[in-house]
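Structure file protein-v9.cif (mmCIF, C-alpha atoms) follows.
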```cif
data_my_file
loop_
_atom_site.label_atom_id
_atom_site.label_comp_id
_atom_site.auth_asym_id
_atom_site.auth_seq_id
_atom_site.Cartn_x
_atom_site.Cartn_y
_atom_site.Cartn_z
CA MET Z 20 109.54 112.26 79.16
CA SER Z 21 107.72 110.02 81.62
CA ARG Z 22 103.94 110.26 81.48
CA PRO Z 23 102.09 109.69 84.75
CA PHE Z 24 99.40 107.04 85.06
CA HIS Z 25 96.64 106.41 87.57
CA LEU Z 26 96.74 104.10 90.59
CA ALA Z 27 93.83 102.49 92.42
CA PHE Z 28 93.53 99.72 94.99
CA ILE Z 29 90.84 97.09 95.54
CA PHE Z 30 89.98 95.16 98.68
CA ASN Z 31 86.85 93.94 100.43
CA PHE Z 32 85.36 94.16 103.91
CA THR Z 33 86.50 90.67 104.89
CA PRO Z 34 89.01 89.19 107.33
CA ASP Z 35 92.56 90.42 106.86
CA ASP Z 36 95.51 88.06 106.27
CA TRP Z 37 94.35 86.30 109.41
CA GLN Z 38 96.59 83.20 109.16
CA GLY Z 39 99.74 85.08 108.16
CA PRO Z 40 102.45 86.27 110.55
CA PHE Z 41 101.68 89.91 109.76
CA GLY Z 42 97.89 89.75 110.02
CA THR Z 43 95.85 91.68 112.56
CA GLY Z 44 93.78 88.84 113.95
CA GLY Z 45 90.98 88.33 111.44
CA SER Z 46 88.37 90.57 113.07
CA PRO Z 47 88.47 93.96 111.31
CA TRP Z 48 84.76 94.58 111.76
CA ASP Z 49 85.01 98.01 113.37
CA GLY Z 50 86.54 99.29 110.11
CA ALA Z 51 89.64 100.69 111.82
CA PHE Z 52 92.11 98.51 109.88
CA HIS Z 53 90.64 99.31 106.46
CA THR Z 54 90.45 102.99 107.37
CA GLU Z 55 94.14 102.86 108.27
CA VAL Z 56 94.81 101.34 104.84
CA ALA Z 57 92.84 104.14 103.18
CA ARG Z 58 94.99 106.75 104.91
CA ALA Z 59 98.14 104.99 103.67
CA LEU Z 60 96.79 104.90 100.11
CA GLU Z 61 96.00 108.61 100.33
CA ARG Z 62 99.53 109.32 101.53
CA ALA Z 63 100.71 107.54 98.37
CA CYS Z 64 98.30 109.65 96.25
CA PHE Z 65 96.18 106.82 94.83
CA ASP Z 66 93.20 107.97 92.75
CA TYR Z 67 90.75 105.72 94.55
CA VAL Z 68 90.15 102.61 96.60
CA ILE Z 69 87.32 100.27 95.71
CA ILE Z 70 85.45 98.02 98.13
CA GLU Z 71 84.43 94.82 96.34
CA ASP Z 72 81.33 92.95 97.50
CA LYS Z 73 79.34 89.71 97.20
CA LEU Z 74 75.87 88.96 98.51
CA MET Z 75 75.89 85.27 99.42
CA VAL Z 76 77.62 82.46 101.31
CA PRO Z 77 79.24 80.28 98.62
CA GLU Z 78 78.40 76.58 98.42
CA SER Z 79 80.03 75.66 95.10
CA TYR Z 80 83.39 74.27 96.22
CA GLY Z 81 82.84 70.73 97.44
CA GLY Z 82 79.09 71.21 97.29
CA SER Z 83 78.79 72.99 100.64
CA SER Z 84 79.70 76.18 102.48
CA GLU Z 85 82.34 74.38 104.55
CA ALA Z 86 85.43 75.40 102.58
CA ALA Z 87 84.35 79.01 102.13
CA LEU Z 88 83.63 79.47 105.83
CA ARG Z 89 86.60 77.46 107.06
CA GLN Z 90 89.02 79.37 104.83
CA ALA Z 91 87.19 82.73 105.07
CA MET Z 92 87.08 82.89 101.26
CA VAL Z 93 84.40 85.31 99.99
CA VAL Z 94 82.65 85.05 103.36
CA PRO Z 95 82.31 86.62 105.92
CA LYS Z 96 81.92 89.88 104.02
CA HIS Z 97 80.35 92.99 105.51
CA ASP Z 98 78.46 95.78 103.77
CA PRO Z 99 80.78 98.20 101.93
CA VAL Z 100 78.76 101.39 102.38
CA PRO Z 101 79.33 102.03 106.11
CA LEU Z 102 83.02 101.26 105.58
CA ALA Z 103 83.10 103.72 102.66
CA VAL Z 104 81.70 106.41 104.99
CA ALA Z 105 84.33 105.69 107.64
CA MET Z 106 87.21 105.70 105.14
CA GLY Z 107 85.90 108.81 103.40
CA LEU Z 108 85.55 110.82 106.60
CA ALA Z 109 89.09 109.80 107.62
CA THR Z 110 90.63 111.05 104.35
CA GLU Z 111 90.53 114.27 102.33
CA HIS Z 112 91.54 113.46 98.73
CA LEU Z 113 91.30 109.71 98.12
CA GLY Z 114 88.36 108.56 96.00
CA ILE Z 115 86.13 106.01 97.77
CA VAL Z 116 84.27 103.56 95.51
CA ALA Z 117 81.64 101.19 96.88
CA THR Z 118 80.10 98.21 95.10
CA LEU Z 119 76.31 98.37 94.68
CA SER Z 120 74.60 95.59 92.73
CA THR Z 121 71.94 96.40 90.14
CA MET Z 122 70.25 93.19 91.25
CA ALA Z 123 70.02 94.11 94.93
CA TYR Z 124 69.34 97.86 95.00
CA PRO Z 125 66.37 99.55 93.28
CA PRO Z 126 67.63 102.35 90.97
CA PHE Z 127 66.12 105.09 93.13
CA MET Z 128 67.90 103.78 96.24
CA THR Z 129 71.24 103.55 94.43
CA ALA Z 130 70.93 107.12 93.14
CA ARG Z 131 69.87 108.44 96.54
CA LEU Z 132 72.62 106.57 98.38
CA ALA Z 133 75.31 107.58 95.89
CA SER Z 134 74.23 111.22 95.96
CA THR Z 135 74.26 111.24 99.76
CA MET Z 136 77.70 109.63 99.86
CA ASP Z 137 79.12 112.06 97.32
CA SER Z 138 77.88 115.02 99.37
CA MET Z 139 79.29 113.58 102.59
CA LEU Z 140 82.69 112.94 100.97
CA GLY Z 141 82.94 116.26 99.14
CA GLY Z 142 82.81 114.84 95.62
CA ARG Z 143 85.01 111.78 96.12
CA PHE Z 144 82.46 108.97 95.84
CA GLY Z 145 82.30 106.37 93.11
CA TRP Z 146 79.84 103.58 92.31
CA ASN Z 147 81.26 100.21 91.27
CA ILE Z 148 78.48 98.90 89.03
CA VAL Z 149 77.98 95.14 89.24
CA THR Z 150 75.12 92.95 88.02
CA SER Z 151 75.97 90.10 90.45
CA ALA Z 152 76.88 86.77 88.92
CA GLU Z 153 75.75 84.14 91.43
CA ASP Z 154 72.45 82.27 91.61
CA LEU Z 155 72.90 82.01 95.37
CA ALA Z 156 72.88 85.81 95.57
CA ALA Z 157 69.77 85.97 93.39
CA GLN Z 158 68.03 83.60 95.80
CA ASN Z 159 68.60 86.10 98.60
CA PHE Z 160 66.51 88.61 96.68
CA GLY Z 161 63.44 86.63 95.75
CA MET Z 162 64.67 84.99 92.54
CA THR Z 163 65.38 81.34 91.78
CA GLU Z 164 68.29 82.07 89.43
CA LEU Z 165 69.99 84.90 87.62
CA PRO Z 166 68.93 85.86 84.11
CA PRO Z 167 71.46 85.04 81.36
CA ARG Z 168 74.44 87.38 81.15
CA ASP Z 169 73.19 89.30 78.11
CA VAL Z 170 69.83 89.91 79.79
CA ARG Z 171 71.57 91.05 82.99
CA TYR Z 172 73.57 93.61 81.04
CA ALA Z 173 70.51 94.81 79.11
CA MET Z 174 68.80 95.37 82.45
CA ALA Z 175 71.91 97.10 83.79
CA ASP Z 176 72.06 99.46 80.81
CA GLU Z 177 68.50 100.54 81.52
CA TYR Z 178 69.24 100.72 85.25
CA VAL Z 179 72.15 103.11 84.68
CA ASP Z 180 69.99 105.25 82.41
CA VAL Z 181 67.43 105.56 85.24
CA VAL Z 182 70.10 106.51 87.76
CA LYS Z 183 71.59 109.14 85.44
CA GLN Z 184 68.16 110.66 84.88
CA LEU Z 185 67.57 110.76 88.64
CA PHE Z 186 70.84 112.63 89.17
CA ALA Z 187 69.74 115.07 86.45
CA SER Z 188 66.28 115.54 87.99
CA TRP Z 189 67.74 118.43 89.99
CA ASP Z 190 69.49 121.20 88.08
CA ALA Z 191 72.92 122.02 89.42
CA ASP Z 192 71.67 125.42 90.62
CA ALA Z 193 68.33 124.20 92.03
CA VAL Z 194 69.34 124.99 95.63
CA VAL Z 195 69.23 128.80 95.95
CA LEU Z 196 69.21 129.28 99.76
CA ASP Z 197 67.56 132.69 99.49
CA ARG Z 198 67.01 133.64 103.13
CA GLU Z 199 65.30 136.93 102.34
CA LYS Z 200 62.64 135.35 100.11
CA GLY Z 201 62.47 132.18 102.18
CA VAL Z 202 63.32 129.90 99.25
CA TYR Z 203 65.56 126.89 99.82
CA ALA Z 204 65.17 125.24 96.39
CA ASP Z 205 63.68 126.50 93.15
CA HIS Z 206 60.83 124.11 92.37
CA THR Z 207 61.07 124.88 88.64
CA LYS Z 208 64.51 123.25 88.61
CA VAL Z 209 63.41 119.95 90.14
CA ARG Z 210 61.23 117.60 88.09
CA PRO Z 211 60.02 114.00 87.86
CA ILE Z 212 61.66 111.76 85.28
CA HIS Z 213 58.62 109.54 84.57
CA PHE Z 214 60.88 106.71 83.40
CA GLU Z 215 59.09 103.71 81.94
CA GLY Z 216 61.33 101.07 80.40
CA GLU Z 217 61.28 97.35 79.77
CA HIS Z 218 62.61 96.51 83.22
CA PHE Z 219 62.15 99.59 85.45
CA ARG Z 220 59.52 102.19 86.16
CA VAL Z 221 60.56 105.19 88.26
CA ARG Z 222 58.72 108.46 88.76
CA GLY Z 223 61.39 110.58 90.45
CA PRO Z 224 62.64 113.16 91.11
CA LEU Z 225 65.48 112.32 93.45
CA ASN Z 226 64.94 113.77 96.92
CA THR Z 227 68.57 114.69 97.61
CA VAL Z 228 70.33 117.91 96.62
CA PRO Z 229 72.85 117.83 93.77
CA SER Z 230 76.16 116.50 95.10
CA PRO Z 231 79.56 118.06 94.32
CA GLN Z 232 80.01 115.79 91.28
CA HIS Z 233 76.25 115.81 90.52
CA ARG Z 234 76.95 112.33 89.15
CA PRO Z 235 79.46 110.23 91.13
CA ALA Z 236 82.24 108.44 89.26
CA PHE Z 237 81.13 105.19 87.62
CA VAL Z 238 83.49 102.22 87.86
CA GLN Z 239 82.89 98.85 86.22
CA ALA Z 240 84.64 95.56 85.51
CA GLY Z 241 83.42 93.64 82.50
CA ALA Z 242 85.48 90.86 80.96
CA SER Z 243 82.98 89.26 78.58
CA PRO Z 244 82.28 90.96 75.22
CA ARG Z 245 78.90 92.14 76.53
CA GLY Z 246 80.51 93.32 79.75
CA ARG Z 247 83.10 95.35 77.85
CA ALA Z 248 80.41 97.03 75.80
CA PHE Z 249 78.48 97.89 78.99
CA ALA Z 250 81.61 99.34 80.61
CA ALA Z 251 82.49 101.36 77.50
CA ARG Z 252 78.98 102.82 77.45
CA ASN Z 253 78.84 103.81 81.11
CA ALA Z 254 82.12 103.83 83.03
CA ASP Z 255 84.57 106.58 83.91
CA SER Z 256 87.08 103.94 84.97
CA ILE Z 257 87.22 100.27 84.03
CA ILE Z 258 88.82 97.50 86.08
CA ALA Z 259 90.45 95.01 83.71
CA ILE Z 260 92.17 91.67 84.16
CA ALA Z 261 94.27 90.52 81.20
CA SER Z 262 96.96 87.93 80.47
CA GLY Z 263 100.06 89.78 79.40
CA VAL Z 264 100.84 92.93 77.46
CA GLU Z 265 99.21 91.91 74.18
CA SER Z 266 96.00 90.96 75.98
CA MET Z 267 96.05 94.28 77.83
CA ARG Z 268 96.46 96.24 74.61
CA ALA Z 269 93.68 94.29 72.89
CA PHE Z 270 91.31 94.83 75.82
CA ARG Z 271 91.88 98.58 75.88
CA GLU Z 272 91.52 98.90 72.12
CA ASP Z 273 88.26 96.96 72.24
CA VAL Z 274 86.85 99.18 74.98
CA ARG Z 275 87.87 102.34 73.12
CA ARG Z 276 86.23 101.06 69.93
CA HIS Z 277 83.00 100.38 71.80
CA ALA Z 278 83.15 103.85 73.38
CA GLU Z 279 83.38 105.49 69.97
CA GLU Z 280 80.40 103.44 68.78
CA TYR Z 281 78.40 104.85 71.70
CA GLY Z 282 79.43 108.39 70.80
CA ARG Z 283 81.81 108.77 73.73
CA ASP Z 284 85.32 110.19 73.70
CA PRO Z 285 87.46 107.12 74.50
CA ASP Z 286 89.95 109.33 76.32
CA GLU Z 287 87.32 109.93 79.01
CA ILE Z 288 87.54 106.26 80.08
CA LYS Z 289 90.51 105.22 82.21
CA VAL Z 290 91.26 101.49 81.97
CA LEU Z 291 93.14 100.26 85.05
CA PHE Z 292 94.69 96.78 84.84
CA CYS Z 293 94.75 94.59 87.94
CA VAL Z 294 98.19 93.58 89.20
CA THR Z 295 99.52 91.95 92.37
CA PRO Z 296 103.10 93.21 92.81
CA THR Z 297 105.50 91.21 94.95
CA VAL Z 298 108.39 93.36 96.13
CA GLY Z 299 111.47 92.51 98.17
CA GLU Z 300 114.83 93.95 99.15
CA THR Z 301 116.39 91.98 96.30
CA GLU Z 302 114.94 90.32 93.23
CA GLN Z 303 115.68 86.90 94.68
CA ASP Z 304 114.00 87.83 97.94
CA ALA Z 305 110.85 88.80 96.03
CA ARG Z 306 110.87 85.65 93.89
CA ASP Z 307 111.35 83.42 96.92
CA LYS Z 308 108.46 85.16 98.65
CA GLN Z 309 106.18 84.64 95.68
CA ALA Z 310 107.22 81.00 95.21
CA ARG Z 311 106.44 80.21 98.84
CA MET Z 312 103.01 81.74 98.49
CA VAL Z 313 101.82 80.19 95.23
CA SER Z 314 103.13 76.68 95.85
CA SER Z 315 101.52 76.23 99.26
CA PRO Z 316 98.58 73.79 99.40
CA GLN Z 317 96.54 76.42 101.28
CA PHE Z 318 97.00 78.98 98.49
CA ILE Z 319 95.93 76.48 95.84
CA GLN Z 320 92.85 75.50 97.82
CA ASP Z 321 91.99 79.15 98.51
CA ILE Z 322 92.21 80.02 94.80
CA LEU Z 323 90.01 77.10 93.82
CA ALA Z 324 87.46 77.92 96.52
CA GLN Z 325 87.43 81.52 95.28
CA VAL Z 326 86.98 80.65 91.60
CA SER Z 327 84.28 78.14 92.52
CA ALA Z 328 82.38 80.88 94.34
CA LEU Z 329 82.69 83.31 91.43
CA THR Z 330 81.80 80.83 88.68
CA GLU Z 331 79.54 78.44 90.64
CA ILE Z 332 81.56 75.50 89.26
CA ASP Z 333 82.81 72.96 91.80
CA PHE Z 334 86.56 72.75 91.24
CA ALA Z 335 86.89 70.23 94.07
CA GLN Z 336 85.62 67.61 91.60
CA PHE Z 337 88.71 67.89 89.38
CA ASP Z 338 92.06 66.15 89.92
CA LEU Z 339 94.72 68.73 90.79
CA ASP Z 340 97.35 66.83 88.82
CA LYS Z 341 95.40 66.41 85.59
CA PRO Z 342 94.26 68.94 82.97
CA LEU Z 343 90.70 70.18 83.21
CA PRO Z 344 88.57 67.64 81.31
CA HIS Z 345 86.90 70.09 78.94
CA ARG Z 346 86.39 73.75 78.21
CA LEU Z 347 84.15 75.12 80.96
CA THR Z 348 81.52 77.83 80.66
CA THR Z 349 79.47 79.66 83.27
CA ASN Z 350 76.65 82.11 83.69
CA GLY Z 351 78.79 83.58 86.46
CA GLU Z 352 82.11 85.37 86.00
CA GLN Z 353 83.32 84.02 82.65
CA GLY Z 354 86.39 86.26 82.68
CA THR Z 355 87.57 84.72 85.94
CA LEU Z 356 87.05 81.25 84.49
CA ASP Z 357 88.92 82.04 81.26
CA LYS Z 358 91.79 83.53 83.25
CA LEU Z 359 92.19 80.26 85.15
CA GLN Z 360 91.63 77.54 82.59
CA GLN Z 361 93.95 78.64 79.72
CA TRP Z 362 92.22 76.12 77.47
CA GLY Z 363 94.62 74.23 75.22
CA SER Z 364 97.71 74.78 77.37
CA GLY Z 365 97.79 71.14 78.57
CA LYS Z 366 98.64 72.25 82.11
CA THR Z 367 97.32 70.45 85.14
CA LEU Z 368 94.89 72.24 87.42
CA ARG Z 369 97.66 72.66 90.02
CA GLU Z 370 99.95 74.17 87.36
CA LEU Z 371 97.19 76.51 86.20
CA VAL Z 372 96.83 77.90 89.71
CA ILE Z 373 100.57 78.22 90.27
CA ASP Z 374 101.11 79.64 86.79
CA GLY Z 375 98.69 82.44 87.65
CA ALA Z 376 101.24 83.47 90.29
CA GLY Z 377 99.30 86.56 91.29
CA GLY Z 378 96.14 84.51 91.56
CA LEU Z 379 93.25 85.34 89.28
CA VAL Z 380 93.67 89.10 89.36
CA SER Z 381 97.15 89.70 87.95
CA SER Z 382 97.50 90.95 84.38
CA ILE Z 383 101.30 90.78 84.29
CA ASP Z 384 104.09 89.33 86.41
CA LEU Z 385 105.51 92.01 88.73
CA VAL Z 386 108.18 90.56 90.99
CA GLY Z 387 111.39 92.28 92.14
CA THR Z 388 112.71 95.23 94.05
CA PRO Z 389 110.57 98.37 94.18
CA ASP Z 390 112.74 99.95 91.49
CA GLN Z 391 112.53 96.90 89.22
CA VAL Z 392 108.76 96.65 89.55
CA ALA Z 393 108.29 100.40 89.04
CA GLU Z 394 110.44 100.30 85.91
CA ARG Z 395 108.44 97.40 84.50
CA MET Z 396 105.13 99.13 85.23
CA GLY Z 397 106.29 102.16 83.27
CA GLU Z 398 107.42 99.98 80.35
CA VAL Z 399 104.10 98.14 80.26
CA MET Z 400 102.06 101.34 80.22
CA GLU Z 401 104.11 102.59 77.27
CA GLU Z 402 103.58 99.30 75.42
CA VAL Z 403 99.87 99.09 76.18
CA GLY Z 404 99.10 102.77 75.74
CA GLY Z 405 97.14 102.31 78.93
CA ASP Z 406 95.87 104.47 81.75
CA GLY Z 407 97.09 102.85 84.95
CA PHE Z 408 96.95 99.96 87.38
CA MET Z 409 94.57 98.54 89.98
CA LEU Z 410 96.69 97.03 92.75
CA THR Z 411 95.63 94.27 95.11
CA THR Z 412 96.74 90.95 96.57
CA PRO Z 413 96.09 87.55 94.97
CA LEU Z 414 93.25 86.73 97.38
CA LEU Z 415 92.38 90.34 98.28
CA ARG Z 416 93.68 89.67 101.80
CA LEU Z 417 95.65 92.46 103.41
CA ASN Z 418 98.26 92.98 106.07
CA ARG Z 419 100.16 96.07 107.17
CA ARG Z 420 103.45 94.78 105.79
CA TYR Z 421 102.09 94.50 102.26
CA ILE Z 422 100.51 97.96 102.40
CA ALA Z 423 103.83 99.44 103.58
CA GLU Z 424 105.71 97.65 100.78
CA ILE Z 425 103.38 99.28 98.25
CA THR Z 426 102.87 102.75 99.71
CA ASP Z 427 106.38 103.26 101.16
CA GLY Z 428 108.41 101.13 98.75
CA LEU Z 429 106.85 100.77 95.30
CA VAL Z 430 105.00 104.10 95.02
CA PRO Z 431 108.05 106.25 95.87
CA ALA Z 432 109.95 104.37 93.15
CA LEU Z 433 107.14 105.21 90.72
CA GLN Z 434 107.11 108.85 91.83
CA ARG Z 435 110.89 109.20 91.34
CA ARG Z 436 110.31 108.23 87.71
CA GLY Z 437 107.49 110.70 87.26
CA LEU Z 438 105.04 107.84 86.70
CA THR Z 439 102.48 108.66 89.41
CA ARG Z 440 101.35 111.82 91.16
CA ARG Z 441 103.25 113.21 94.13
CA ALA Z 442 100.36 115.37 95.35
CA TYR Z 443 96.66 115.82 94.72
CA THR Z 444 95.34 118.90 92.98
CA PRO Z 445 93.51 120.80 95.75
CA GLY Z 446 89.75 120.76 95.43
CA ASN Z 447 89.58 118.05 92.78
CA THR Z 448 86.68 115.61 92.75
CA LEU Z 449 87.27 111.93 91.97
CA ARG Z 450 86.14 112.42 88.37
CA GLN Z 451 88.50 115.38 88.01
CA ASN Z 452 91.40 113.32 89.37
CA LEU Z 453 90.63 110.60 86.83
CA ALA Z 454 90.70 113.19 84.03
CA GLU Z 455 93.93 114.75 85.24
CA PHE Z 456 96.43 112.83 83.10
CA PRO Z 457 96.10 112.86 79.30
CA ALA Z 458 95.15 109.51 77.81
CA ARG Z 459 97.96 107.52 76.25
CA HIS Z 460 97.96 106.49 72.63
CA GLU Z 461 100.18 104.04 70.83
#
```
Full structure transcribed into structure tokens:
Amino acid sequence: MSRPFHLAFIFNFTPDDWQGPFGTGGSPWDGAFHTEVARALERACFDYVIIEDKLMVPESYGGSSEAALRQAMVVPKHDPVPLAVAMGLATEHLGIVATLSTMAYPPFMTARLASTMDSMLGGRFGWNIVTSAEDLAAQNFGMTELPPRDVRYAMADEYVDVVKQLFASWDADAVVLDREKGVYADHTKVRPIHFEGEHFRVRGPLNTVPSPQHRPAFVQAGASPRGRAFAARNADSIIAIASGVESMRAFREDVRRHAEEYGRDPDEIKVLFCVTPTVGETEQDARDKQARMVSSPQFIQDILAQVSALTEIDFAQFDLDKPLPHRLTTNGEQGTLDKLQQWGSGKTLRELVIDGAGGLVSSIDLVGTPDQVAERMGEVMEEVGGDGFMLTTPLLRLNRRYIAEITDGLVPALQRRGLTRRAYTPGNTLRQNLAEFPARHE
């Protein structure tokens, strides 16, 4: 029998596919376009949508901000929280996950904001936990550079502990609303946390009432070994980018092993692998569409500008038609870098970008008719023993045509096979939706 898996979608509050023939003009700043997308994803019964975020104007590619601004790559990017409110109030069941950096928000503010959002959205809010990986972002918050990755994650572990304690500073039944006695909240069920750690000091308690989930869903993407351990310790859902089925299986097994070491039930963590499906009326139609996209000079330049921003390595310095000169490392997003460079393959930089096909966020090749792609997704989940997929586009740019191809083409093909839900369970929170399908095992 088919076993259903979870679906999520990731985009950011940036211009849409503004140069494409199906774009909406490149000025989605009132949030209406992204809210429309959220409604479509809810119609297709996705578990959640996540709003990615960055906190700087990149200057890595070519040594200036010119390429990033000219191509609208990574910038402009608006704050995800107001958009999350708009999307959440326009939907009823879809989980809404916003990115909040542990570098930029004090723990108390993150806990307060997340609790408020979860109450406003009836238990559908999630926090995408990021440490930020760019020195330029750090310089917007009073630092000269980011700490090393391991230090960032040690700080983030402590940060999450603070936030959890703040959520727990109110008992679930602290609000009594006793009109006769004139008691709104029982003061014996609200207490300071008096947290004093190596990196943070927070008195508490939180000054918001317990939200429907009490603790919003935690989402995290960690590709490095330290990042995987952090995600396994804290996350309800993990965003993963792999390179083929074997890499996907190895990633999930590693996360589950870490979870057991932390005393967690690995089945409580849903690992969703990023994919960028290309669907068409025929297989050839889909392959032609993908080939046109990945071979265009604009696509190659966009990818290199994006990876430069994420890794803070200037890829404009390398010859497109020669292999990268040496194995590269970064204090930024190492997983993104490893995904691109395929060290030892002998491919030219141009070939590395084209070979990625789905850009830097595709774990497997998914090209074909909706039925072909749906069938392959089901096969991969059985092989991986995995929990689901995180869908997006290669550059996280959206247009209405692509959303319709996914929500009205691919998802119905998945539903016909019993691979994804046809309806939400009434009254479920985001965390309950994520727990709805039993975990897969090899």
* Would you please work out which residue, of Z:Leu185, Z:Ala86, Z:Ile69, Z:Ala328, is nearest to Z:Leu155 when using only C-alpha atoms? =>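 Of Z:Leu185, Z:Ala86, Z:Ile69, Z:Ala328, the one nearest Z:Leu155, counting only C-alpha atoms, is Z:Ala328.
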* Residues within 7 Å of (89.3, 106.6, 96.4), file coords, all atoms listed in the file, listed as a PyMOL selection string -> chain Z and resi 66-69+113-116+143
Go ahead and save the residues from that selection, with C-alpha atoms, as a PDB file, keeping the file's coordinate frame.
```pdb
ATOM      1  CA  ASP Z  66      93.200 107.970  92.750  1.00  0.00           C
ATOM      2  CA  TYR Z  67      90.750 105.720  94.550  1.00  0.00           C
ATOM      3  CA  VAL Z  68      90.150 102.610  96.600  1.00  0.00           C
ATOM      4  CA  ILE Z  69      87.320 100.270  95.710  1.00  0.00           C
ATOM      5  CA  LEU Z 113      91.300 109.710  98.120  1.00  0.00           C
ATOM      6  CA  GLY Z 114      88.360 108.560  96.000  1.00  0.00           C
ATOM      7  CA  ILE Z 115      86.130 106.010  97.770  1.00  0.00           C
ATOM      8  CA  VAL Z 116      84.270 103.560  95.510  1.00  0.00           C
ATOM      9  CA  ARG Z 143      85.010 111.780  96.120  1.00  0.00           C
TER      10      ARG Z 143
END
```
* Please provide as a list in words all residues within 10 Å of Z:Gln451, with the sequence filter that same-chain residues fewer than 2 positions apart are discarded (counting only C-alpha atoms). =>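 So the residues in contact are Asp66, Gly142, Arg143, Gln232, Ala236, Thr444, Gly446, Asn447, Thr448, Leu449, Leu453, Ala454, Glu455 and Phe456 of chain Z.
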In the coordinates of the file, take the point (68.9, 96.4, 82.4) and a cut-off of 10 Å; then, counting all atoms listed in the file, name each qualifying protein, DNA or RNA residue as a compact mmCIF listing (two decimals) with C-alpha atoms, in the frame of the given file.
```txt
# COMPACT_ATOMS: atom_id res chain seq x y z
CA THR Z 121 71.94 96.40 90.14
CA MET Z 122 70.25 93.19 91.25
CA THR Z 150 75.12 92.95 88.02
CA ASP Z 169 73.19 89.30 78.11
CA VAL Z 170 69.83 89.91 79.79
CA ARG Z 171 71.57 91.05 82.99
CA TYR Z 172 73.57 93.61 81.04
CA ALA Z 173 70.51 94.81 79.11
CA MET Z 174 68.80 95.37 82.45
CA ALA Z 175 71.91 97.10 83.79
CA ASP Z 176 72.06 99.46 80.81
CA GLU Z 177 68.50 100.54 81.52
CA TYR Z 178 69.24 100.72 85.25
CA VAL Z 179 72.15 103.11 84.68
CA ASP Z 180 69.99 105.25 82.41
CA VAL Z 181 67.43 105.56 85.24
CA GLY Z 216 61.33 101.07 80.40
CA GLU Z 217 61.28 97.35 79.77
CA HIS Z 218 62.61 96.51 83.22
CA PHE Z 219 62.15 99.59 85.45
```
Set out as CSV a contact list for stretch 385-412 of chain Z and stretch 249-262 of chain Z with a cut-off of 12 Å, giving each residue of stretch 385-412 of chain Z that qualifies its closest atom pair and distance in Å to one decimal, counting all atoms listed in the file, ordered by chain and rising residue number.
```
residue,atom,partner,partner_atom,distance
Z:Val403,CA,Z:Ala261,CA,11.4
Z:Gly405,CA,Z:Ala259,CA,11.0
Z:Asp406,CA,Z:Ser256,CA,9.4
Z:Gly407,CA,Z:Ile258,CA,9.9
Z:Phe408,CA,Z:Ile258,CA,8.6
Z:Met409,CA,Z:Ile258,CA,7.0
Z:Leu410,CA,Z:Ile258,CA,10.3
Z:Thr411,CA,Z:Ile258,CA,11.8
```
